[in-house]
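Below is one structure; the comments refer to it alone.
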There are 2 protein chains.
Amino acid sequence: MESMEPGTVRPGGRTARVRTAVLQAAGDILAERGYSHLDLADIARRAGVGKTTVYRRWGTVTGLVADLLADMAEQSLPRTETGSLLGDLKANARLVQRTLADSRQGPLFKAVIAAATGEARTAEALRHFYDVRVDEWAPCVQQAIDRGEVPEGTDTHEVIRAVSAPLYYRLLAGGGRIDVAAADRAAEAAATAARAGVFLSEGRPR
Amino acid sequence: MESMEPGTVRPGGRTARVRTAVLQAAGDILAERGYSHLDLADIARRAGVGKTTVYRRWGTVTGLVADLLADMAEQSLPRTETGSLLGDLKANARLVQRTLADSRQGPLFKAVIAAATGEARTAEALRHFYDVRVDEWAPCVQQAIDRGEVPEGTDTHEVIRAVSAPLYYRLLAGGGRIDVAAADRAAEAAATAARAGVFLSEGRPR
DNA sequence: TAGCTAACGGGTCTTGAGTTTCGTTAACAT
DNA sequence: ATGTTAACGAAACTCAAGACCCGTTAGCTA
């Protein structure tokens, strides 16, 4: 049996500090220079940590990004409740909009998505990240169903994804700035479609 | 004044053959192994071309991907016309769905999008690729406006983008298979929202 | 069809990302 | 407090991606 992963036996003090510093530095560099020109040695230098340590703990760039994502998934903001489906979806859309338009977070998300296209482990981490976010917001659609705003049997998760999708499309494929108007439009489109029963889950509902 | 780009003075015969072979090989490898483990030497070997040639003509991986995109943009399929907005949008959605779900094109698009996040030139090529596609399909929304199906002043391009967005979201962020049901739902959502006037361009219409 | 040279391609060299080694530091148990 | 060893970190090493050199092939022109 091979030895355990480093950082699991003595997670206190220094080990935790190193992880924080490296993830911080990785996020900074990812946001500044993007995924492609990313060098673990740079990260180590900026984090004030030995290059060897970064290679030993994370191994590859994608592994590091996966850990960064896991860290980000834990910091999910609580959703706000406004009392109407459109209000809630707009709140969600603006949260996403603010994140993607942010000068640090925007490039970071681009980089992370790019990393996920290459390696299965990172893709899994990214999927989990979005699952957490979508789970957080899906209840607002359920409340709309309970209020009778949206038909029974609607796939609540799909509605939330429909709000984010146009904003991510802009981030990656271009097609306009990611501004508040775009966010509101995405929310309105999703709300309108949901009310019309477009997101009814056919066949067996999950 | 520096010398011209290679391939511009004698574009006939061999030069064209080399370009075709290299782009073909690059697409194959990109689809098989993804953007991250992409090696220009591999491409050269598979294309039956000297490694030096690939480096001289394209320089970097991202430069090659940009050229690949320019090549793909020229092969835009003509749109079909069904006589109704929903029918046209469904046709578009299924075209996108078929492309992204395809075992060669799907990974290729992932790779190309990943490449575009890193370098401005590739991002520009990608944006142009989608502009061509969106321009091709936008008239079907205009026809819907003329028929009175959709309100005057609707941003036709934005409707087309709204159809693709959920499918690309699935490709990159997960959240379900890219099947015909997802395509139809995307088309229905966009059509419903468009009819409700969600995509009216506020302020100055472009 | 002959000459000119753009463009190709085999071979060699360089550089830096990633690995290995081994001595040092500090977390945890007693 | 003190011992054990997990985890860190500086330096030396490896090896392949990518740059360079220069002889060869073949588009283009007259």
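Identifiers in this document derive from the order of the structure tokens: chains are assigned A, B, ..., residues are numbered from 1 separately in each chain, and ligands are numbered from 1 in order of occurrence.
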
| message | Env of region 19-25 of chain C: 10 Å cut, atoms = only C-alpha atoms (C1' of nucleotides), seq-sep filter 5 positions within chain, self excluded. Answer as number ranges by chain. | response | A: 52, 55-56; D: 7-14

| Which polymer residues have any atom within 9 Å of an atom of region 5-10 of chain C, counting only C-alpha atoms (C1' of nucleotides), with same-chain residues fewer than 4 positions away left out, as JSON, numbers by chain? | {"B": [6, 7, 9, 10, 14, 15, 49, 50, 51, 52, 53], "D": [24, 25, 26, 27]}

What would the file look like if the residues just selected were written as an mmCIF file, in the first residue's frame with N, CA, C and O atoms (P, O5', C5', C4', C3', O3' and C1' of nucleotides)?
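The new file out_4.cif reads:
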data_model
loop_
_atom_site.group_PDB
_atom_site.id
_atom_site.type_symbol
_atom_site.label_atom_id
_atom_site.label_comp_id
_atom_site.auth_asym_id
_atom_site.auth_seq_id
_atom_site.Cartn_x
_atom_site.Cartn_y
_atom_site.Cartn_z
ATOM 1 N N PRO B 6 4.744 33.032 -44.287
ATOM 2 C CA PRO B 6 4.862 31.930 -45.236
ATOM 3 C C PRO B 6 3.495 31.454 -45.705
ATOM 4 O O PRO B 6 2.543 31.464 -44.940
ATOM 5 N N GLY B 7 3.422 31.058 -46.953
ATOM 6 C CA GLY B 7 2.162 30.550 -47.488
ATOM 7 C C GLY B 7 1.368 31.594 -48.229
ATOM 8 O O GLY B 7 0.318 31.305 -48.787
ATOM 9 N N VAL B 9 2.792 33.847 -50.615
ATOM 10 C CA VAL B 9 3.340 34.182 -51.931
ATOM 11 C C VAL B 9 3.100 33.060 -52.935
ATOM 12 O O VAL B 9 2.782 33.315 -54.096
ATOM 13 N N ARG B 10 3.242 31.824 -52.453
ATOM 14 C CA ARG B 10 3.011 30.677 -53.333
ATOM 15 C C ARG B 10 1.940 29.783 -52.723
ATOM 16 O O ARG B 10 2.241 28.710 -52.193
ATOM 17 N N ARG B 14 1.543 22.527 -53.247
ATOM 18 C CA ARG B 14 2.030 21.926 -52.015
ATOM 19 C C ARG B 14 1.605 22.682 -50.772
ATOM 20 O O ARG B 14 1.160 22.088 -49.792
ATOM 21 N N THR B 15 1.756 24.002 -50.822
ATOM 22 C CA THR B 15 1.410 24.815 -49.654
ATOM 23 C C THR B 15 -0.031 24.566 -49.200
ATOM 24 O O THR B 15 -0.307 24.382 -48.015
ATOM 25 N N VAL B 49 4.199 15.720 -42.432
ATOM 26 C CA VAL B 49 4.769 17.029 -42.749
ATOM 27 C C VAL B 49 5.902 17.297 -41.765
ATOM 28 O O VAL B 49 5.906 16.760 -40.662
ATOM 29 N N GLY B 50 6.844 18.097 -42.172
ATOM 30 C CA GLY B 50 7.965 18.395 -41.286
ATOM 31 C C GLY B 50 7.542 19.212 -40.088
ATOM 32 O O GLY B 50 6.707 20.103 -40.194
ATOM 33 N N LYS B 51 8.122 18.878 -38.923
ATOM 34 C CA LYS B 51 7.822 19.611 -37.698
ATOM 35 C C LYS B 51 8.128 21.100 -37.866
ATOM 36 O O LYS B 51 7.361 21.962 -37.439
ATOM 37 N N THR B 52 9.245 21.368 -38.525
ATOM 38 C CA THR B 52 9.652 22.760 -38.740
ATOM 39 C C THR B 52 8.574 23.565 -39.455
ATOM 40 O O THR B 52 8.326 24.721 -39.123
ATOM 41 N N THR B 53 7.951 22.945 -40.431
ATOM 42 C CA THR B 53 6.932 23.635 -41.221
ATOM 43 C C THR B 53 5.784 24.116 -40.342
ATOM 44 O O THR B 53 5.317 25.250 -40.468
ATOM 45 P P DT D 24 21.438 18.792 -50.638
ATOM 46 O "O5'" DT D 24 19.849 18.854 -50.672
ATOM 47 C "C5'" DT D 24 19.099 17.985 -49.822
ATOM 48 C "C4'" DT D 24 17.621 18.090 -50.163
ATOM 49 C "C3'" DT D 24 17.283 17.877 -51.635
ATOM 50 O "O3'" DT D 24 16.197 16.960 -51.703
ATOM 51 C "C1'" DT D 24 16.346 19.928 -50.862
ATOM 52 P P DT D 25 15.573 16.494 -53.117
ATOM 53 O "O5'" DT D 25 14.219 17.319 -53.191
ATOM 54 C "C5'" DT D 25 13.262 17.164 -52.147
ATOM 55 C "C4'" DT D 25 12.088 18.089 -52.380
ATOM 56 C "C3'" DT D 25 11.427 17.966 -53.745
ATOM 57 O "O3'" DT D 25 10.026 17.921 -53.534
ATOM 58 C "C1'" DT D 25 11.964 20.219 -53.334
ATOM 59 P P DA D 26 8.992 17.441 -54.667
ATOM 60 O "O5'" DA D 26 8.356 18.820 -55.131
ATOM 61 C "C5'" DA D 26 7.695 19.623 -54.172
ATOM 62 C "C4'" DA D 26 7.427 21.002 -54.733
ATOM 63 C "C3'" DA D 26 6.804 21.005 -56.126
ATOM 64 O "O3'" DA D 26 5.929 22.108 -56.198
ATOM 65 C "C1'" DA D 26 8.726 22.262 -56.185
ATOM 66 P P DG D 27 4.316 21.857 -56.483
ATOM 67 O "O5'" DG D 27 3.597 23.278 -56.166
ATOM 68 C "C5'" DG D 27 4.228 24.168 -56.310
ATOM 69 C "C4'" DG D 27 4.089 25.588 -55.994
ATOM 70 C "C3'" DG D 27 3.275 26.382 -56.998
ATOM 71 O "O3'" DG D 27 2.879 27.608 -56.419
ATOM 72 C "C1'" DG D 27 5.591 26.714 -57.383
#

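In plain terms, chain B touches chain A through Gly34, Ser36, Lys110, Ala114, Thr117, Gly118, Arg127, Ala165, Pro166, Tyr169, Ala173, Gly174, Ala189, Thr192 and Ala193 of chain B, where touching means an atom at most 6 Å away, counting only C-alpha atoms.
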
| field | Spatial neighbours of Glu81 (chain A), 10 Å, only C-alpha atoms (C1' of nucleotides), chain gap at least 2 places, as a PyMOL selection string | value | chain A and resi 78-79+83-85+87-89+91-92+137+140

Can you write out the residues you just picked, keeping C-alpha atoms, as a compact mmCIF listing (two decimals), in the first residue's frame?
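The new file selection01.txt reads:
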# COMPACT_ATOMS: atom_id res chain seq x y z
CA PRO A 78 -26.81 32.31 0.49
CA ARG A 79 -29.60 33.20 -1.87
CA GLY A 83 -41.32 36.66 -3.03
CA SER A 84 -41.67 36.34 -6.81
CA LEU A 85 -40.04 34.01 -9.31
CA GLY A 87 -37.39 38.69 -8.52
CA ASP A 88 -35.52 35.63 -7.31
CA LEU A 89 -34.19 34.76 -10.75
CA ALA A 91 -31.22 38.23 -7.97
CA ASN A 92 -29.51 35.05 -9.10
CA TRP A 137 -31.09 28.30 -5.87
CA CYS A 140 -36.90 29.39 -5.32

| alpha helix (DSSP H) per DSSP on the backbone: members of chain A, as a ChimeraX atom specification | /A:13-33,40-47,51-58,61-73,85-101,105-118,120-147,156-173,180-195

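Interatomic distance, C1' of DC28 (chain D) against CA of Arg17 (chain B): 16.4 Å.
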
| task | Identify every residue of chain C that has at least one atom within 9 Å of any atom of chain A, counting only C-alpha atoms (C1' of nucleotides), and report the result as a ChimeraX atom specification. | result | /C:17-19,26-28

Selection from above, N, CA and C atoms (P, O5', C5', C4', C3', O3' and C1' of nucleotides), as an mmCIF file, in the first residue's frame, can you write it?
data_model
loop_
_atom_site.group_PDB
_atom_site.id
_atom_site.type_symbol
_atom_site.label_atom_id
_atom_site.label_comp_id
_atom_site.auth_asym_id
_atom_site.auth_seq_id
_atom_site.Cartn_x
_atom_site.Cartn_y
_atom_site.Cartn_z
ATOM 1 P P DA C 17 9.050 27.338 -17.250
ATOM 2 O "O5'" DA C 17 7.947 26.193 -17.136
ATOM 3 C "C5'" DA C 17 7.483 25.582 -18.321
ATOM 4 C "C4'" DA C 17 7.394 24.078 -18.152
ATOM 5 C "C3'" DA C 17 6.712 23.616 -16.861
ATOM 6 O "O3'" DA C 17 5.909 22.475 -17.153
ATOM 7 C "C1'" DA C 17 8.899 22.727 -16.936
ATOM 8 P P DG C 18 4.842 21.921 -16.037
ATOM 9 O "O5'" DG C 18 5.670 20.737 -15.361
ATOM 10 C "C5'" DG C 18 5.846 19.526 -16.096
ATOM 11 C "C4'" DG C 18 6.853 18.661 -15.398
ATOM 12 C "C3'" DG C 18 6.472 18.192 -13.972
ATOM 13 O "O3'" DG C 18 6.628 16.784 -13.924
ATOM 14 C "C1'" DG C 18 8.669 18.992 -14.018
ATOM 15 P P DT C 19 6.373 15.948 -12.549
ATOM 16 O "O5'" DT C 19 7.835 15.393 -12.179
ATOM 17 C "C5'" DT C 19 8.670 14.852 -13.202
ATOM 18 C "C4'" DT C 19 9.956 14.317 -12.585
ATOM 19 C "C3'" DT C 19 9.788 13.593 -11.243
ATOM 20 O "O3'" DT C 19 10.542 12.388 -11.271
ATOM 21 C "C1'" DT C 19 11.370 15.348 -11.015
ATOM 22 P P DA C 26 10.013 26.417 11.326
ATOM 23 O "O5'" DA C 26 8.841 25.432 11.782
ATOM 24 C "C5'" DA C 26 7.896 24.993 10.806
ATOM 25 C "C4'" DA C 26 7.125 23.813 11.345
ATOM 26 C "C3'" DA C 26 6.515 24.016 12.740
ATOM 27 O "O3'" DA C 26 5.284 23.326 12.780
ATOM 28 C "C1'" DA C 26 7.796 22.114 12.772
ATOM 29 P P DA C 27 3.880 24.151 12.997
ATOM 30 O "O5'" DA C 27 2.794 22.979 13.093
ATOM 31 C "C5'" DA C 27 2.426 22.277 11.934
ATOM 32 C "C4'" DA C 27 2.172 20.810 12.241
ATOM 33 C "C3'" DA C 27 1.179 20.517 13.365
ATOM 34 O "O3'" DA C 27 0.294 19.494 12.929
ATOM 35 C "C1'" DA C 27 3.229 19.414 13.802
ATOM 36 P P DC C 28 -1.178 19.352 13.624
ATOM 37 O "O5'" DC C 28 -0.962 18.190 14.702
ATOM 38 C "C5'" DC C 28 -0.779 16.859 14.227
ATOM 39 C "C4'" DC C 28 -0.055 16.033 15.270
ATOM 40 C "C3'" DC C 28 -0.803 15.823 16.592
ATOM 41 O "O3'" DC C 28 -1.257 14.468 16.630
ATOM 42 C "C1'" DC C 28 1.558 16.116 16.887
#

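Nearest residue to chain D among B:Leu68, B:Ala16, B:Val150, B:Ala93 is B:Ala16, counting only C-alpha atoms (C1' of nucleotides).
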